[in-house]
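data01.cif follows; it contains mmCIF, C-alpha atoms and all ligand atoms.
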data_input
#
loop_
_atom_site.label_atom_id
_atom_site.label_comp_id
_atom_site.auth_asym_id
_atom_site.auth_seq_id
_atom_site.Cartn_x
_atom_site.Cartn_y
_atom_site.Cartn_z
CA MET K 129 17.26 -30.53 6.54
CA GLU K 130 17.73 -29.22 3.06
CA SER K 131 15.22 -26.44 3.66
CA GLU K 132 16.95 -25.51 6.94
CA VAL K 133 20.23 -25.05 5.12
CA LEU K 134 18.52 -23.04 2.44
CA GLU K 135 16.83 -20.80 5.02
CA LYS K 136 20.11 -20.19 6.81
CA ALA K 137 21.78 -19.27 3.55
CA THR K 138 18.97 -16.82 2.75
CA VAL K 139 19.29 -15.14 6.14
CA GLU K 140 23.05 -14.85 5.81
CA THR K 141 22.91 -13.29 2.37
CA ASP K 142 20.12 -10.81 3.19
CA PHE K 143 22.09 -7.57 3.13
CA LEU K 144 18.89 -5.63 3.82
CA PRO K 145 16.97 -7.23 6.70
CA LEU K 146 13.55 -5.56 7.03
CA ASN K 147 11.15 -5.82 9.98
CA GLY K 148 8.04 -4.67 8.10
CA THR K 149 6.27 -1.49 7.04
CA ASP K 150 7.03 1.34 9.49
CA HIS K 151 4.54 3.85 8.14
CA ILE K 152 2.97 5.11 4.94
CA GLU K 153 2.99 8.88 4.56
CA PHE K 154 0.52 10.60 2.26
CA TYR K 155 0.87 14.17 1.09
CA VAL K 156 -2.68 15.52 1.04
CA GLY K 157 -4.48 18.82 0.46
CA ASN K 158 -6.06 19.08 3.89
CA ALA K 159 -4.58 16.72 6.46
CA LYS K 160 -6.96 17.88 9.19
CA GLN K 161 -9.97 16.75 7.19
CA SER K 162 -8.30 13.60 5.79
CA ALA K 163 -7.44 12.61 9.37
CA TYR K 164 -11.11 12.89 10.26
CA TYR K 165 -12.00 10.56 7.35
CA TYR K 166 -9.47 7.92 8.41
CA GLN K 167 -10.65 8.16 12.01
CA SER K 168 -14.41 8.19 11.48
CA ALA K 169 -14.69 5.89 8.44
CA TRP K 170 -11.71 3.58 8.83
CA GLY K 171 -11.43 3.58 12.63
CA TYR K 172 -7.78 4.66 12.87
CA LYS K 173 -6.70 6.31 16.11
CA LEU K 174 -4.87 9.62 16.08
CA VAL K 175 -1.69 9.01 18.09
CA ALA K 176 0.67 11.86 17.21
CA TYR K 177 0.76 15.27 15.60
CA ALA K 178 3.39 17.74 14.36
CA GLY K 179 2.62 21.24 13.13
CA PRO K 180 2.76 24.90 14.10
CA GLU K 181 1.57 24.09 17.65
CA THR K 182 4.60 21.81 18.13
CA GLY K 183 7.10 24.15 16.50
CA VAL K 184 6.94 22.81 12.91
CA ARG K 185 6.32 25.85 10.70
CA ASP K 186 5.91 24.57 7.14
CA ARG K 187 3.59 21.57 7.48
CA ALA K 188 1.08 19.71 9.61
CA SER K 189 1.22 15.92 10.03
CA TYR K 190 -1.29 13.59 11.66
CA VAL K 191 -0.23 10.06 12.64
CA LEU K 192 -2.97 7.42 12.69
CA GLU K 193 -2.77 3.83 13.89
CA GLN K 194 -4.83 0.66 13.81
CA GLU K 195 -3.12 -2.50 15.06
CA LYS K 196 0.17 -2.67 13.08
CA ILE K 197 -0.75 -0.07 10.47
CA ARG K 198 0.54 3.47 10.76
CA LEU K 199 -0.52 6.17 8.32
CA VAL K 200 0.85 9.71 8.32
CA LEU K 201 -1.11 12.49 6.60
CA THR K 202 0.90 15.60 5.80
CA THR K 203 -0.18 18.93 4.36
CA ALA K 204 2.00 21.87 3.36
CA ILE K 205 1.38 25.08 5.27
CA ASP K 206 3.96 27.03 3.28
CA PRO K 207 3.26 27.07 -0.50
CA SER K 208 6.97 27.26 -1.36
CA THR K 209 7.72 23.79 0.04
CA GLU K 210 8.37 20.58 -1.85
CA ILE K 211 5.25 19.19 -0.13
CA ALA K 212 3.06 21.88 -1.73
CA GLN K 213 4.67 21.27 -5.12
CA HIS K 214 4.17 17.52 -4.78
CA HIS K 215 0.51 17.98 -3.96
CA LEU K 216 -0.03 20.40 -6.82
CA THR K 217 1.37 17.85 -9.28
CA HIS K 218 0.11 14.56 -7.91
CA GLY K 219 -2.92 15.40 -5.81
CA ASP K 220 -3.32 13.33 -2.64
CA GLY K 221 -0.92 10.41 -2.83
CA VAL K 222 1.75 8.33 -1.14
CA LYS K 223 5.13 10.05 -0.73
CA PHE K 224 6.88 7.66 1.67
CA LEU K 225 6.69 3.88 1.89
CA SER K 226 8.78 3.73 5.04
CA ILE K 227 10.37 0.52 6.18
CA TRP K 228 11.21 -0.47 9.74
CA VAL K 229 14.82 -1.64 10.07
CA ASP K 230 17.30 -2.36 12.86
CA ASP K 231 20.07 -0.40 11.16
CA ALA K 232 19.12 2.59 9.00
CA THR K 233 22.78 3.47 8.33
CA LYS K 234 23.63 0.04 6.96
CA SER K 235 20.35 -0.06 4.98
CA PHE K 236 21.32 3.19 3.31
CA GLU K 237 24.93 2.16 2.64
CA GLU K 238 24.06 -1.27 1.25
CA THR K 239 21.38 0.06 -1.12
CA VAL K 240 23.27 3.16 -2.27
CA LYS K 241 26.35 1.00 -2.91
CA ARG K 242 24.14 -1.09 -5.22
CA GLY K 243 22.86 1.89 -7.15
CA ALA K 244 20.02 3.46 -5.12
CA LYS K 245 19.59 7.21 -5.54
CA PRO K 246 19.97 8.76 -2.07
CA PHE K 247 17.07 10.79 -0.71
CA MET K 248 18.39 11.33 2.80
CA GLU K 249 21.71 10.42 4.40
CA PRO K 250 21.37 8.55 7.72
CA THR K 251 20.31 11.25 10.18
CA ARG K 252 19.81 11.14 13.92
CA PHE K 253 16.73 12.82 15.41
CA GLU K 254 16.18 12.96 19.15
CA ASP K 255 13.94 14.27 21.87
CA GLU K 256 13.16 13.42 25.50
CA ASN K 257 11.92 9.93 24.41
CA GLY K 258 15.20 8.81 22.87
CA TYR K 259 16.54 8.88 19.34
CA VAL K 260 15.91 7.43 15.89
CA ILE K 261 18.08 7.13 12.80
CA ILE K 262 16.34 7.74 9.48
CA SER K 263 17.72 7.45 5.96
CA GLY K 264 15.98 7.25 2.59
CA ILE K 265 16.32 6.26 -1.07
CA HIS K 266 14.23 7.11 -4.12
CA THR K 267 12.05 4.56 -5.88
CA TYR K 268 9.56 4.88 -8.81
CA GLY K 269 8.15 8.33 -9.60
CA GLU K 270 8.59 10.71 -6.69
CA THR K 271 8.03 7.97 -4.16
CA VAL K 272 10.66 7.39 -1.46
CA HIS K 273 11.59 4.52 0.83
CA LYS K 274 12.67 5.76 4.22
CA PHE K 275 14.52 3.37 6.50
CA VAL K 276 13.44 3.95 10.10
CA GLU K 277 15.55 2.64 12.99
CA ARG K 278 13.52 3.13 16.16
CA LYS K 279 14.93 0.65 18.69
CA ASN K 280 16.16 3.51 20.91
CA TYR K 281 12.93 5.47 20.83
CA ASN K 282 9.67 5.19 22.77
CA GLY K 283 7.72 8.35 21.95
CA PRO K 284 4.33 8.39 20.19
CA PHE K 285 5.87 8.38 16.65
CA LEU K 286 9.14 10.16 15.89
CA PRO K 287 11.04 13.06 17.48
CA GLY K 288 9.20 16.31 16.77
CA TYR K 289 5.79 14.67 17.06
CA LYS K 290 3.67 15.09 20.18
CA LYS K 291 0.63 13.27 21.50
CA PRO K 292 -2.38 15.09 20.04
CA ALA K 293 -4.09 17.62 22.27
CA PHE K 294 -7.40 15.96 21.41
CA ALA K 295 -8.22 12.62 19.77
CA MET K 296 -11.76 11.58 18.95
CA ASP K 297 -13.15 8.22 20.07
CA VAL K 298 -12.87 5.77 17.21
CA LYS K 299 -14.30 2.32 16.48
CA PRO K 300 -11.67 0.13 14.79
CA VAL K 301 -12.90 -2.01 11.88
CA GLY K 302 -10.42 -4.88 12.27
CA LEU K 303 -7.57 -3.64 10.04
CA ARG K 304 -4.45 -5.59 11.10
CA TYR K 305 -1.37 -4.93 8.96
CA VAL K 306 -0.18 -3.91 5.52
CA ASP K 307 -0.15 -7.00 3.29
CA HIS K 308 1.33 -5.40 0.16
CA CYS K 309 1.78 -2.02 -1.56
CA VAL K 310 1.42 -1.82 -5.32
CA GLY K 311 3.21 0.59 -7.62
CA ASN K 312 2.10 1.67 -11.10
CA VAL K 313 4.98 2.51 -13.45
CA GLU K 314 5.13 3.77 -17.02
CA LEU K 315 4.88 1.55 -20.10
CA GLY K 316 8.07 -0.47 -20.51
CA LYS K 317 9.40 0.34 -17.03
CA MET K 318 8.18 -2.64 -15.02
CA ASN K 319 11.27 -4.77 -15.54
CA GLU K 320 13.54 -1.85 -14.73
CA TRP K 321 11.85 -1.43 -11.34
CA VAL K 322 11.78 -5.17 -10.70
CA ARG K 323 15.55 -5.16 -11.30
CA PHE K 324 15.88 -2.22 -8.91
CA TYR K 325 14.20 -4.21 -6.12
CA GLU K 326 16.26 -7.31 -6.97
CA ASP K 327 19.67 -5.66 -7.39
CA VAL K 328 19.46 -2.70 -5.01
CA MET K 329 17.25 -4.10 -2.25
CA GLY K 330 17.91 -7.85 -2.59
CA PHE K 331 14.24 -8.72 -3.18
CA LYS K 332 13.17 -11.85 -5.05
CA LEU K 333 10.68 -12.12 -7.89
CA LEU K 334 7.66 -13.91 -6.42
CA LEU K 335 5.10 -13.91 -9.25
CA THR K 336 4.58 -12.69 -12.79
CA PHE K 337 1.29 -11.87 -14.52
CA ASP K 338 1.35 -11.11 -18.19
CA ASP K 339 -1.31 -9.50 -20.32
CA LYS K 340 -2.81 -12.90 -21.18
CA ASP K 341 -3.56 -13.51 -17.50
CA ILE K 342 -5.23 -10.21 -16.96
CA SER K 343 -6.47 -8.64 -20.11
CA THR K 344 -10.11 -7.81 -20.66
CA GLU K 345 -11.71 -6.93 -23.94
CA TYR K 346 -10.43 -3.39 -23.73
CA SER K 347 -7.38 -2.94 -21.61
CA ALA K 348 -4.57 -4.89 -20.09
CA LEU K 349 -1.71 -4.68 -17.67
CA MET K 350 1.35 -6.62 -16.70
CA SER K 351 2.47 -7.17 -13.15
CA LYS K 352 5.40 -8.66 -11.26
CA VAL K 353 5.55 -9.13 -7.52
CA VAL K 354 8.82 -8.71 -5.62
CA SER K 355 9.31 -9.60 -1.96
CA ASN K 356 12.10 -9.23 0.58
CA GLY K 357 13.90 -12.17 2.24
CA ASN K 358 11.44 -12.77 5.12
CA GLY K 359 8.38 -11.95 2.97
CA TYR K 360 7.23 -9.11 5.27
CA ILE K 361 7.44 -6.60 2.42
CA LYS K 362 5.71 -7.34 -0.89
CA PHE K 363 5.67 -4.85 -3.73
CA PRO K 364 3.75 -5.74 -6.88
CA ILE K 365 4.74 -3.49 -9.82
CA ASN K 366 2.25 -2.89 -12.64
CA GLU K 367 2.73 -1.44 -16.10
CA PRO K 368 0.12 -0.85 -18.79
CA ALA K 369 -0.12 -3.29 -21.71
CA GLU K 370 -1.57 -2.77 -25.16
CA GLY K 371 -5.37 -2.97 -25.29
CA LYS K 372 -8.18 -1.67 -27.44
CA LYS K 373 -8.73 1.20 -25.04
CA LYS K 374 -6.92 2.97 -22.24
CA SER K 375 -5.61 0.71 -19.50
CA GLN K 376 -6.43 1.51 -15.87
CA ILE K 377 -2.67 1.91 -15.30
CA GLU K 378 -2.46 4.56 -18.02
CA GLU K 379 -5.41 6.36 -16.46
CA TYR K 380 -3.60 6.37 -13.12
CA ILE K 381 -0.34 7.64 -14.64
CA GLU K 382 -2.15 10.34 -16.57
CA PHE K 383 -3.90 11.66 -13.47
CA TYR K 384 -1.09 11.09 -10.96
CA LYS K 385 1.33 12.68 -13.44
CA GLY K 386 3.74 9.81 -13.27
CA ALA K 387 4.49 6.56 -11.51
CA GLY K 388 3.29 6.11 -7.95
CA VAL K 389 1.56 3.94 -5.38
CA GLN K 390 -1.66 2.49 -6.78
CA HIS K 391 -3.06 0.59 -3.83
CA ILE K 392 -2.34 -0.53 -0.31
CA ALA K 393 -3.69 -3.90 0.71
CA ILE K 394 -4.69 -4.35 4.33
CA GLU K 395 -5.14 -7.71 6.01
CA VAL K 396 -8.21 -8.28 8.21
CA HIS K 397 -9.48 -11.26 10.31
CA ASN K 398 -13.13 -11.13 9.29
CA ILE K 399 -13.61 -9.54 5.92
CA THR K 400 -17.43 -9.70 5.86
CA GLU K 401 -17.63 -7.84 9.17
CA THR K 402 -14.98 -5.28 8.21
CA VAL K 403 -16.48 -4.56 4.80
CA GLY K 404 -20.03 -4.40 6.17
CA GLU K 405 -18.90 -1.84 8.75
CA LEU K 406 -16.92 0.19 6.19
CA ARG K 407 -19.96 0.29 3.91
CA ASN K 408 -22.08 1.54 6.83
CA ARG K 409 -19.55 4.33 7.25
CA GLY K 410 -19.74 5.37 3.60
CA ILE K 411 -16.73 3.64 2.02
CA GLU K 412 -17.41 2.78 -1.63
CA PHE K 413 -16.17 -0.46 -3.18
CA LEU K 414 -15.80 -1.75 -6.71
CA TYR K 415 -18.80 -3.74 -7.81
CA VAL K 416 -18.76 -7.13 -9.53
CA PRO K 417 -22.03 -8.45 -11.00
CA GLU K 418 -23.97 -11.11 -9.09
CA THR K 419 -23.24 -13.63 -11.85
CA TYR K 420 -19.67 -13.75 -10.44
CA TYR K 421 -21.10 -15.85 -7.60
CA ASP K 422 -22.88 -18.37 -9.87
CA ASP K 423 -19.76 -20.44 -10.49
CA VAL K 424 -17.22 -19.07 -8.01
CA LEU K 425 -17.32 -22.22 -5.84
CA ASP K 426 -16.69 -24.40 -8.92
CA ARG K 427 -13.51 -22.42 -9.38
CA VAL K 428 -12.27 -22.14 -5.77
CA GLY K 429 -13.78 -25.23 -4.12
CA GLU K 430 -14.92 -25.37 -0.50
CA ILE K 431 -14.66 -22.27 1.67
CA GLU K 432 -15.58 -21.69 5.31
CA GLU K 433 -17.61 -18.56 4.63
CA ASN K 434 -21.27 -18.41 3.71
CA LEU K 435 -21.50 -17.55 0.02
CA GLU K 436 -24.61 -15.40 0.60
CA ASP K 437 -22.65 -13.20 3.05
CA LEU K 438 -19.86 -12.75 0.52
CA LYS K 439 -22.36 -11.99 -2.23
CA ARG K 440 -24.15 -9.41 -0.07
CA GLN K 441 -20.84 -7.60 0.54
CA ASN K 442 -19.56 -8.26 -3.01
CA ILE K 443 -16.39 -9.93 -1.67
CA LEU K 444 -14.25 -11.89 -4.15
CA VAL K 445 -12.60 -15.29 -3.62
CA ASP K 446 -9.56 -16.91 -5.18
CA ARG K 447 -7.48 -19.99 -4.53
CA ASP K 448 -3.87 -21.02 -5.09
CA GLU K 449 -1.92 -24.18 -4.19
CA SER K 450 -1.59 -23.15 -0.52
CA GLY K 451 -5.13 -22.02 0.29
CA TYR K 452 -7.64 -19.34 -0.57
CA LEU K 453 -8.12 -15.63 -0.07
CA LEU K 454 -10.98 -13.18 0.14
CA GLN K 455 -10.58 -9.66 -1.20
CA ILE K 456 -12.33 -6.45 -2.21
CA PHE K 457 -11.14 -3.08 -3.56
CA THR K 458 -12.36 0.40 -2.72
CA LYS K 459 -12.95 3.03 -5.34
CA PRO K 460 -10.21 5.71 -5.42
CA VAL K 461 -10.16 7.57 -2.10
CA GLU K 462 -9.50 11.00 -3.62
CA ASP K 463 -11.01 12.92 -6.55
CA ARG K 464 -8.32 11.94 -9.01
CA PRO K 465 -8.66 8.28 -10.07
CA THR K 466 -5.42 7.29 -8.35
CA VAL K 467 -4.86 5.64 -4.94
CA PHE K 468 -7.25 3.06 -3.48
CA PHE K 469 -7.24 0.37 -0.81
CA GLU K 470 -7.67 -3.38 -0.92
CA ILE K 471 -9.09 -5.34 1.99
CA ILE K 472 -7.74 -8.89 2.02
CA GLN K 473 -8.20 -11.92 4.24
CA ARG K 474 -5.75 -14.73 3.62
CA LYS K 475 -6.79 -18.29 4.38
CA GLY K 476 -3.49 -19.84 3.43
CA ALA K 477 -3.19 -18.36 -0.06
CA GLN K 478 0.03 -16.46 -0.72
CA SER K 479 -1.04 -15.03 -4.08
CA PHE K 480 -2.91 -11.88 -5.09
CA GLY K 481 -6.24 -12.95 -6.56
CA LYS K 482 -5.31 -13.63 -10.17
CA GLY K 483 -8.60 -15.50 -10.71
CA ASN K 484 -10.47 -12.28 -9.93
CA PHE K 485 -8.53 -9.99 -12.24
CA LYS K 486 -10.91 -10.26 -15.16
CA ALA K 487 -14.06 -9.55 -13.11
CA LEU K 488 -12.28 -6.73 -11.32
CA PHE K 489 -10.85 -5.06 -14.37
CA GLU K 490 -14.22 -5.12 -16.06
CA SER K 491 -15.54 -3.38 -12.97
CA ILE K 492 -12.70 -0.80 -13.10
CA GLU K 493 -13.42 -0.20 -16.78
CA ARG K 494 -17.08 0.51 -16.02
CA GLU K 495 -15.85 3.17 -13.56
CA GLN K 496 -13.33 4.52 -16.10
CA ALA K 497 -16.10 4.82 -18.69
CA VAL K 498 -18.25 6.79 -16.20
CA ARG K 499 -15.28 9.16 -15.70
CA GLY K 500 -14.87 9.51 -19.48
CA ASN K 501 -11.40 7.93 -19.33
CA LEU K 502 -11.80 4.64 -21.19
FE FE2 K 601 -3.44 -6.06 -4.28
#

Output the file's structure in the form of structure tokens.
Amino acid sequence: MESEVLEKATVETDFLPLNGTDHIEFYVGNAKQSAYYYQSAWGYKLVAYAGPETGVRDRASYVLEQEKIRLVLTTAIDPSTEIAQHHLTHGDGVKFLSIWVDDATKSFEETVKRGAKPFMEPTRFEDENGYVIISGIHTYGETVHKFVERKNYNGPFLPGYKKPAFAMDVKPVGLRYVDHCVGNVELGKMNEWVRFYEDVMGFKLLLTFDDKDISTEYSALMSKVVSNGNGYIKFPINEPAEGKKKSQIEEYIEFYKGAGVQHIAIEVHNITETVGELRNRGIEFLYVPETYYDDVLDRVGEIEENLEDLKRQNILVDRDESGYLLQIFTKPVEDRPTVFFEIIQRKGAQSFGKGNFKALFESIEREQAVRGNL
């Protein structure tokens, strides 16, 4: 009874109800070729396109889907655009973490009233498939949250986008939905951005990791996780902490030229199958030494999976009070050591794999050392 009352109160006070991630838009150097990578390696399906052939003169955008995940890859065609400038500075990276809402006008008004910096006033776009309302606010670095209201639209993506003239056959790898998106911010800025999500977007602080939880011999980071009212959107925010050598967060910020999205975690139903298939298609993952598996079951207790299968795929395990999770991280997916993906399978656990941080960060540091950045 008590929890019912509490839930009702939470719903009533949520001034920014969110339905989930609408899409994640990357600005990239060559969207045509990136789209091929996401189709052939990751099994996304090309569902929409905008570019010169559809009347868009300054850019080309490819929209890719797998179950509930929608990625947009955009390249500048005109060098004078903000897209070209963004790419020159940051390399390939996430520009828009776009959120699906029922009311993009109210989402904009409520957040701007609380201090959000406007990116785009609520704007109506329409075509023969109906209309959408889109608005947007700035977040860390040059990253933007768009609010997308699409209840009156049934085209392939958004007005201006058409079904692609040709889409290759793809084999999905079992990617289901975006579990969380992590931001890296500059030293001393984590709490500022946590406050932004709390005050401006009404998120709640879910978890805190300090440098004692996650430091290795050389480098450290701090992290706080914020989540919206229904828990559909989770944004961990990292900042570097003092260490003997350069933290992985500092390396990111140095090469991304500022704060930005560090990784996108994607939920799957069968992580050993998904990771095995991704490896066959050439995706590279971080490596943890085999000794990780010697005592992992002492730490996490009983699991349904065969430990040998996990070991073969180098998949990590962690447990919290509500269950366990399986996870693995790719290496950066562009030449700068910036954005990467996490593959995660939750078996009840609501956390983020704190027990694996040390093994993982040692692995990241080995990669940093190879790049000459430790
Ligand atoms: Fe993560």

Discussion item. Just want the 10 Å neighbourhood of Thr336 (chain K), counted on only C-alpha atoms, with same-chain residues fewer than 4 positions away dropped. Output as a PyMOL selection string.
Written reply: chain K and resi 341+350-354+364-365

Worksheet item: Which protein, DNA or RNA residues have an atom within 12 Å of ligand FE2 601 (chain K), counting all atoms listed in the file, as JSON, numbers by chain?
Response: {"K": [306, 307, 308, 309, 310, 311, 312, 351, 352, 353, 362, 363, 364, 365, 366, 389, 390, 391, 392, 393, 394, 395, 453, 454, 455, 456, 457, 458, 467, 468, 469, 470, 471, 472, 473, 474, 478, 479, 480, 481, 482, 484, 485, 488]}

Discussion item. Show me, as a ChimeraX atom specification, the residues that have an atom within 10 Å of region 406-422 of chain K when counting all atoms listed in the file, minus same-chain residues fewer than 3 positions from it.
Written reply: /K:165,168-171,301,400-403,425-426,435-436,438-445,456-461,468-470,484,487-492,494-495

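We find CA of Ile152 (chain K) and CA of Leu216 (chain K) to be spaced 19.5 Å apart.
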
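Across K:Tyr380, K:Gly451, K:Thr239, K:Val396, the tightest approach to Gln496 (chain K) is made by K:Tyr380 when counting only C-alpha atoms.
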
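Straight-line separation from CA of Tyr259 (chain K) to CA of Ala188 (chain K): 21.2 Å.
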
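Using only C-alpha atoms, the nearest neighbour of Val240 (chain K) within the list K:Met296, K:Val424, K:Ala176, K:Leu144 is K:Leu144.
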
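Among the candidates K:His151, K:Arg278, K:Arg242, K:Arg187, the residue lying nearest to Lys223 (chain K) is K:His151 (atoms considered: all atoms listed in the file).
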
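For Phe247 (chain K), the residues within 7 Å (counting all atoms listed in the file, excluding itself and residues fewer than 2 positions away along the chain) are Lys245, Glu249, Gly264, Ile265 and His266 of chain K.
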
Practice prompt. Step by step: start from the point (8.0, -7.5, 4.5) in the file's coordinates, keep every protein, DNA or RNA residue that has an atom no farther than 12 Å from it, count all atoms listed in the file, and write the set as a VMD selection string.
Written response: chain K and resid 144 to 150 225 to 229 305 to 309 329 331 to 332 354 to 363

Worksheet item: Can you tell me how far CA of Glu210 (chain K) sits from CA of Phe224 (chain K), in Å to one decimal?
Response: 13.5 Å

Practice prompt. Counting all atoms listed in the file, figure out which residue out of K:Ile399, K:Val222, K:Ala295, K:Ala348 gets nearest to Ala387 (chain K).
Written response: K:Val222
